[in-house]
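Beneath this line is the structure, given in structure tokens, with notes to follow.
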Amino acid sequence: MSFILDYYNYWVVVFLMMTGFYIVISANNLVKKIAGLNIFQTSVFMLYISMGKVTGGTAPIVVEGVELYSNPLPHVLILTAIVVGVATTSVGLALIIRIKRAYGTVEENEFKNSDDAI
Amino acid sequence: MAVLIDLVLLSMLALTALRIIFLKDLFAVVMLFGIYSFLSALIFINLDAVDVAFTEAAVGAGISTVLMLSTLALTGRKEKESKHSSILPFLVVTVTGAALIYGTIDMPPFGDANNPIHQHVAPRYIEQSPVEVGLPNMVTSVLASYRGFDTLGETVVVFAAMIGVLTLLSVRRKEDDEAPDSGLKSHRVLHVVAKIIIPFVILFALYVQFHGDYGPGGGFQAGVIAAAAIILYALVFGLPMALRVISPKFLQILAPLGVLLYASVGIYSMFMGGNFLDYNKLAHDPVHGQHYGIIIIELGVGITVFAVMLSIFYAFASQAERRNVS
Amino acid sequence: MLEQHLAALPILLPLIAAPIVLLVGRSSLAWMVATLVSGFATIAAWQLLITCLASGSLSYAVGGWMAPWGIELRIDAANAFVLLAVTAISTLVLIYSKDSVAKEIESDKHLLFYTAHMLCLAGLSGILVTGDAFNLFVFLEISSLATYTLVSLASDRRCLTAAFRYLVMGTIGATFILIGVGMLYMKTGTLNMLDLSVRINLYESSRTINTGLAFVMVGVGIKLALFPLHMWLPPAYTHAPSAVTAFLASTATKVAVYVMIRFIFTIFGADHVFNDMGMDLILMVLAVVAIFKCSYMATVQNNVKTVLAFSSVAQIGYMVLGIALVSAAGLMAGLIHIFNHALMKGALFMAVGAVFYRVGSVNLQDFRGLGKHMPWTMAGFTLAGLSIIGVPLTVGFISKWYLVSAALDQGNWLVAVLVLLGSLLAVVYIGRILEAAYFQKLPEGTDPEQVKEVPYLMLVPMWILVIANLYFGIDTSLTTDAASAAAQWLFENSQTSVPQVMEMKP
């Protein structure tokens, strides 16, 4: 039982990551690919935040009388990673709008020429 | 109790993610993605990462969702059937997932205070940062001071995103002037409510900007919230009005200035004899120096993020308006 | 003051120049600022290389916080060597860009182009110089975002799908690296590379760390276009603007190769990666397949940029092969090839860009008759092409020489023979282009007046690289000294002598 309690969080997070990853590589629509990419990344963020948790600890903001804090470093890393993620998302979506205008489609299987394939 | 909440949230996340795989209606996909983002923000709160939750809610459920919706408005909301077989992706994902599960078996147990990451490096942040840096919020201390270089990089990433979006989508004002009134323009109630709310949102942004040292928040979140206030204005009063209030040209000057403000703190500390971004050298008392440094760089971050998020919104929204005209 | 901050300059100069370039407002001024800054970064990189060859390694604590609490920049002969190649190529490409960009990119986007170029350079320098695993991810994303932007600046619509594919694969790669670094962090509690290497050593073998290694390797593999994860590269290089291709082809993948070297040798330790995990065999097989499959692909393409793009994937195979030989000699061959290949591909893509400048497309049939009408461009192309093949007196020969002798040192006859056979395929794909240029006539209906030599600002940087191809093919003292010092250093510091465990007390 303790084995499961120790790891259930990571296992669910791995499942979420793989769901996102699957959407990225299998989706036919480019917008859905980007949504998948976001789910993939958000799940990786959960992996980091999970490792920073200390049972019984509180948020890492100094409060009188509290001794046990969760680890602030993963939080900092993930703050940065979230920002990086939204930056990539916005550039990806802008590309999709241009692709739609240039080709008239954003469905992967509708690019005729293999040269244009995504 | 925390475990129970965690489990419930995680299973909701899993259901949301699974549903997205099979949905062909992209509008629903984006909405579910927004929900996914919100749920993960709740998980982050449950795991004590309040700053991260704040940002995830503002960015994932806010900005990303808005951008995806404006893209859908231009590309259509149905995904077509794929002729590709889904066996290969499934195989790739299974192998990757199996590798990850294999890796978890050896991981330090979840939540144990004796894990290596709680024993090495982090203790100094927890014990010393209130003294060395002088801020109660350790996340801000680490973000802005110990790992200030990462945060400079992060600001530059945001700036790079603006460069990318502006390269791809240009904001055109002239055509917008002839755009028909947006549907919301005739809603008097909305106008009044928006006029009341927007100043408070901006006030809140300022609070988040300067209160980040004490509670969750900081330049990034503040910039996003301030941009959201103008976005709300644009939605209610129409994009042309918003473009008149804050012009895209102005934003394109503001964004690089924010980055330069951040970097100038580093340069100044170099002239004062320290290393790049060494805030200790900014004042006689190192803790004061830290404080000045953090306030200025957070301001730089806030300015850049505000300008970039709003520029990106303008670029996306003006595409939609342009289509309405034609 | 500059002396003290030398380590930080190659990142800071372009990083600060990027927003300034956007603000200056005029295209010609932006070009000047960007070129000058890139030139200063090159000088800084040169100084760094000299310092590192003399005294080992340099460390710079950003923010004044000691590692592992703060972020450390760490420079040794290996990354200073690659940094010099990257900054020098960037400067030459920028000089070349002025005319090329004016022709290929709309005038209202020139400022964005130069800003993106500066961001890309800052990102690449950051990746090379940083000593912190997470900071590496941040700089990786700066350079990647700038790269997607640069690729999508071309006027051909196919650049859009190419950039999108690059974006999706690049982000998957970066996320894999993030997962891998997370696993290392989880087990060790630190992100500093040196500290990581010490603390990884505390574990005899850990599934989490091995999985982390695998994820980092796959992620870096995507970024460096390791076969079969190279699918993003040919379309991106084919459809990007000429100046962008010349820059990316000679820097971006090389930086990723260096990241692989850094992770293998500095963090995980060669012994662990190669002996315990058997990674050398995997890398060697992939490298050999890449050399043959992609050299073959290069021989059947019609677009010359695609030919050279596939050739790049094949050449990356040679670099990885050098790493996979697991010897100081092999590593040295890999490092030399990083530098030399930057010279060759830079010159080749500049020449192809010059053809595009005059002819407007770069298919094989468009090269007909150019030997006569664009003599300098095609002469440069020929010399750099001979270098790719590995003809003596060129840098290509030096690379192959060290690679083959490193393989023979280990008695690995098969690899040595395969390297030489790979060169034969290069003869075919370069030969096809030269045949069209020198033995065929200009297609009928083309105005010979139109097809003439390109402006000096394009020819000069191209020829500087061509001459460098010959110079470093004859006088190899700089490259071999730097590369062998770097390889020795990496091998010696690769866990054979365990550095001191960092003190716990602040």
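We label chains A, B, ... in the order they appear in the structure tokens, count residues from 1 in each chain, and number ligands from 1 in the order shown.
Excluding C:Thr253 itself and any same-chain residue fewer than 6 positions from it, the protein and nucleic acid residues within 8 Å of it, counting only C-alpha atoms, are Lys223, Leu224, Ala225 and Ile316 of chain C.
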Chain B near chain C within 6 Å: what's each residue's closest atom pair and its distance in Å to one decimal, counting only C-alpha atoms, ordered by chain then ascending residue number, as CSV?
```
residue,atom,partner,partner_atom,distance
B:Gly103,CA,C:Thr208,CA,4.2
B:Asp106,CA,C:Thr208,CA,5.6
B:Pro116,CA,C:Gly189,CA,5.2
B:Ile117,CA,C:Gly189,CA,3.6
B:His120,CA,C:Gly189,CA,5.3
B:Val121,CA,C:Trp69,CA,6.0
B:Tyr146,CA,C:Gly70,CA,4.9
B:Arg147,CA,C:Gly70,CA,5.7
B:Asp150,CA,C:Asn135,CA,5.8
B:Val157,CA,C:Ile142,CA,5.2
B:Gly164,CA,C:Thr149,CA,4.9
B:Pro256,CA,C:Pro19,CA,4.6
B:Asn275,CA,C:Gly64,CA,5.5
B:Phe276,CA,C:Gly63,CA,5.5
B:Leu277,CA,C:Gly63,CA,4.3
B:Asp278,CA,C:Gly63,CA,3.8
```
Dump C-alpha atoms for the selected residues as a PDB file, in the first residue's frame?
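Once everything was written out, this is selection12.pdb:
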```
ATOM      1  CA  GLY B 103      12.093   5.309 -14.144  1.00  0.00           C
ATOM      2  CA  ASP B 106      13.403   4.063  -8.267  1.00  0.00           C
ATOM      3  CA  PRO B 116      17.527  14.408  -1.943  1.00  0.00           C
ATOM      4  CA  ILE B 117      15.930  17.499  -3.428  1.00  0.00           C
ATOM      5  CA  HIS B 120      20.629  19.599  -1.070  1.00  0.00           C
ATOM      6  CA  VAL B 121      20.577  23.189  -2.431  1.00  0.00           C
ATOM      7  CA  TYR B 146      19.522  33.246  -7.017  1.00  0.00           C
ATOM      8  CA  ARG B 147      18.287  32.236 -10.447  1.00  0.00           C
ATOM      9  CA  ASP B 150      16.890  32.146 -15.787  1.00  0.00           C
ATOM     10  CA  VAL B 157      11.792  34.118 -24.472  1.00  0.00           C
ATOM     11  CA  GLY B 164       7.849  35.525 -33.904  1.00  0.00           C
ATOM     12  CA  PRO B 256      12.311  45.800 -25.689  1.00  0.00           C
ATOM     13  CA  ASN B 275      29.144  40.010 -11.342  1.00  0.00           C
ATOM     14  CA  PHE B 276      26.239  40.361 -13.744  1.00  0.00           C
ATOM     15  CA  LEU B 277      22.963  40.708 -11.771  1.00  0.00           C
ATOM     16  CA  ASP B 278      24.752  40.852  -8.421  1.00  0.00           C
TER      17      ASP B 278
END
```
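Proximity to chain B at a cut-off of 6 Å picks out Asp6, Met18, Ile23, Ser26, Asn28, Asn29, Lys53, Val54, Thr55, Thr58, Ala59, Pro60, Ile61, Val62, Pro72, Val76, Leu79, Thr80, Ala87, Val91 and Ala94 of chain A on chain A, counting only C-alpha atoms.
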Can you write just those residues out, N, CA and C atoms, as an mmCIF file, in the first residue's frame?
```
data_model
loop_
_atom_site.group_PDB
_atom_site.id
_atom_site.type_symbol
_atom_site.label_atom_id
_atom_site.label_comp_id
_atom_site.auth_asym_id
_atom_site.auth_seq_id
_atom_site.Cartn_x
_atom_site.Cartn_y
_atom_site.Cartn_z
ATOM 1 N N ASP A 6 3.318 6.017 -2.343
ATOM 2 C CA ASP A 6 4.550 6.721 -2.666
ATOM 3 C C ASP A 6 4.585 7.171 -4.112
ATOM 4 N N MET A 18 1.662 11.139 -21.329
ATOM 5 C CA MET A 18 1.596 10.313 -22.529
ATOM 6 C C MET A 18 0.319 10.588 -23.322
ATOM 7 N N ILE A 23 -1.659 12.915 -28.303
ATOM 8 C CA ILE A 23 -2.436 13.884 -29.080
ATOM 9 C C ILE A 23 -1.515 14.625 -30.052
ATOM 10 N N SER A 26 -0.582 12.151 -32.948
ATOM 11 C CA SER A 26 -1.626 11.496 -33.729
ATOM 12 C C SER A 26 -2.649 12.473 -34.300
ATOM 13 N N ASN A 28 -4.774 15.092 -36.304
ATOM 14 C CA ASN A 28 -4.738 15.460 -37.710
ATOM 15 C C ASN A 28 -4.784 16.978 -37.876
ATOM 16 N N ASN A 29 -5.451 17.615 -36.921
ATOM 17 C CA ASN A 29 -5.623 19.058 -36.990
ATOM 18 C C ASN A 29 -4.491 19.749 -36.242
ATOM 19 N N LYS A 53 6.882 18.736 -3.349
ATOM 20 C CA LYS A 53 5.961 18.690 -2.206
ATOM 21 C C LYS A 53 6.594 17.971 -1.004
ATOM 22 N N VAL A 54 6.399 18.571 0.154
ATOM 23 C CA VAL A 54 6.775 17.891 1.389
ATOM 24 C C VAL A 54 5.483 17.656 2.173
ATOM 25 N N THR A 55 5.223 16.427 2.540
ATOM 26 C CA THR A 55 3.989 16.136 3.261
ATOM 27 C C THR A 55 3.969 16.920 4.564
ATOM 28 N N THR A 58 4.044 23.669 3.975
ATOM 29 C CA THR A 58 3.154 24.677 3.414
ATOM 30 C C THR A 58 3.856 25.379 2.263
ATOM 31 N N ALA A 59 3.117 26.297 1.634
ATOM 32 C CA ALA A 59 3.685 27.048 0.527
ATOM 33 C C ALA A 59 4.924 27.801 1.013
ATOM 34 N N PRO A 60 5.959 27.904 0.164
ATOM 35 C CA PRO A 60 7.224 28.487 0.619
ATOM 36 C C PRO A 60 7.178 30.017 0.767
ATOM 37 N N ILE A 61 6.314 30.500 1.627
ATOM 38 C CA ILE A 61 6.279 31.917 1.968
ATOM 39 C C ILE A 61 6.369 31.973 3.487
ATOM 40 N N VAL A 62 7.340 32.720 3.971
ATOM 41 C CA VAL A 62 7.636 32.676 5.401
ATOM 42 C C VAL A 62 6.425 33.112 6.228
ATOM 43 N N PRO A 72 10.955 25.402 -2.771
ATOM 44 C CA PRO A 72 10.628 26.482 -3.719
ATOM 45 C C PRO A 72 11.265 26.316 -5.101
ATOM 46 N N VAL A 76 10.025 27.612 -8.992
ATOM 47 C CA VAL A 76 10.689 28.628 -9.808
ATOM 48 C C VAL A 76 10.926 28.101 -11.220
ATOM 49 N N LEU A 79 7.657 28.012 -13.127
ATOM 50 C CA LEU A 79 7.206 29.345 -13.537
ATOM 51 C C LEU A 79 7.863 29.724 -14.858
ATOM 52 N N THR A 80 9.169 29.494 -14.921
ATOM 53 C CA THR A 80 9.882 29.793 -16.161
ATOM 54 C C THR A 80 9.363 28.930 -17.298
ATOM 55 N N ALA A 87 4.956 31.010 -24.829
ATOM 56 C CA ALA A 87 5.651 31.650 -25.945
ATOM 57 C C ALA A 87 5.621 30.747 -27.169
ATOM 58 N N VAL A 91 3.590 31.342 -30.933
ATOM 59 C CA VAL A 91 4.241 31.296 -32.246
ATOM 60 C C VAL A 91 3.636 30.174 -33.090
ATOM 61 N N ALA A 94 0.276 31.280 -34.427
ATOM 62 C CA ALA A 94 0.442 32.273 -35.492
ATOM 63 C C ALA A 94 0.829 31.580 -36.794
#
```
Contact set, chain A to chain C: 8 Å, only C-alpha atoms, as a count of residues only: 23
Listing only residues of stretch 376-454 of chain C within 12 Å of stretch 290-304 of chain C, what is the closest atom pair and its distance in Å (to one decimal) for each, using only C-alpha atoms, sorted by chain and residue number ascending, as a Markdown table?
```
| residue | atom | partner | partner_atom | distance |
| --- | --- | --- | --- | --- |
| C:Phe381 | CA | C:Val304 | CA | 11.7 |
| C:Ile388 | CA | C:Ser295 | CA | 11.3 |
| C:Ile389 | CA | C:Ser295 | CA | 11.1 |
| C:Val415 | CA | C:Ile291 | CA | 11.3 |
| C:Leu418 | CA | C:Phe292 | CA | 8.7 |
| C:Val419 | CA | C:Ile291 | CA | 8.2 |
| C:Leu420 | CA | C:Ile291 | CA | 10.7 |
| C:Leu421 | CA | C:Phe292 | CA | 8.7 |
| C:Gly422 | CA | C:Phe292 | CA | 6.2 |
| C:Ser423 | CA | C:Ser295 | CA | 8.8 |
| C:Leu424 | CA | C:Ser295 | CA | 9.3 |
| C:Leu425 | CA | C:Ser295 | CA | 5.9 |
| C:Ala426 | CA | C:Ser295 | CA | 6.6 |
| C:Val427 | CA | C:Thr299 | CA | 9.3 |
| C:Val428 | CA | C:Thr299 | CA | 6.3 |
| C:Tyr429 | CA | C:Thr299 | CA | 4.5 |
| C:Ile430 | CA | C:Thr299 | CA | 8.2 |
| C:Gly431 | CA | C:Thr299 | CA | 9.4 |
| C:Arg432 | CA | C:Thr299 | CA | 8.0 |
| C:Ile433 | CA | C:Val304 | CA | 7.7 |
| C:Leu434 | CA | C:Val304 | CA | 11.1 |
| C:Ala436 | CA | C:Val304 | CA | 11.4 |
| C:Ala437 | CA | C:Val304 | CA | 12.0 |
```
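Secondary structure from DSSP on the backbone puts strand (DSSP E or B) at the following positions of chain A: Asn29, Thr58, Ile61, Tyr69 and Glu107 of chain A.
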Residues of the last selection are to be written out with C-alpha atoms, as an mmCIF file, in the first residue's frame.
```
data_model
loop_
_atom_site.group_PDB
_atom_site.id
_atom_site.type_symbol
_atom_site.label_atom_id
_atom_site.label_comp_id
_atom_site.auth_asym_id
_atom_site.auth_seq_id
_atom_site.Cartn_x
_atom_site.Cartn_y
_atom_site.Cartn_z
ATOM 1 C CA ASN A 29 -5.623 19.058 -36.990
ATOM 2 C CA THR A 58 3.154 24.677 3.414
ATOM 3 C CA ILE A 61 6.279 31.917 1.968
ATOM 4 C CA TYR A 69 7.996 24.425 3.785
ATOM 5 C CA GLU A 107 -5.537 19.262 -41.621
#
```
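Comparing the minimum interatomic distances between B:Glu298 and each of B:Val208, B:Val66, B:Ala317, B:Ala226, counting only C-alpha atoms, we find that B:Val208 sits nearest.
Distances to C:Tyr237 were evaluated for C:Cys52, C:Leu308, C:Gly25, C:Lys400 using only C-alpha atoms, and the minimum falls at C:Leu308.
The space separating atom CA of C:His239 from atom CA of C:Lys345 comes to 16.1 Å.
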Would you give me, as a Markdown table, each residue of stretch 153-271 of chain C having an atom within 12 Å of an atom of stretch 446-465 of chain C, along with its shortest atom pair and that distance in Å to one decimal, using only C-alpha atoms and sorting by chain and residue number?
```
| residue | atom | partner | partner_atom | distance |
| --- | --- | --- | --- | --- |
| C:Ser242 | CA | C:Met458 | CA | 11.4 |
| C:Ala243 | CA | C:Met458 | CA | 10.0 |
| C:Ala246 | CA | C:Met462 | CA | 10.1 |
| C:Ser250 | CA | C:Leu465 | CA | 11.3 |
```
All helix (DSSP H, G or I) positions in stretch 150-353 of chain C, as a PyMOL selection string: chain C and resi 150-151+158-188+193-200+207-223+233-239+242-268+270-276+279-299+304-324+328-353
Point-to-point distance from atom CA of A:Gly57 to atom CA of B:Phe204, Å rounded to tenths: 28.4 Å
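With only C-alpha atoms as the atoms that count, the residue of A:Val86, A:Leu68, A:Val31, A:Met46 with the shortest distance to A:Met17 is A:Met46.
The interatomic distance for the pair atom CA of B:Phe200 and atom CA of B:Phe38 works out to 22.8 Å.
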Neighbour list for stretch 38-49 of chain C as a ChimeraX atom specification, cut-off 8 Å, only C-alpha atoms, skip fewer than 2 positions in-chain: /C:6-7,9-10,13-14,34-36,51-53,75-77,80-81,83-84,87-88,90-91,482
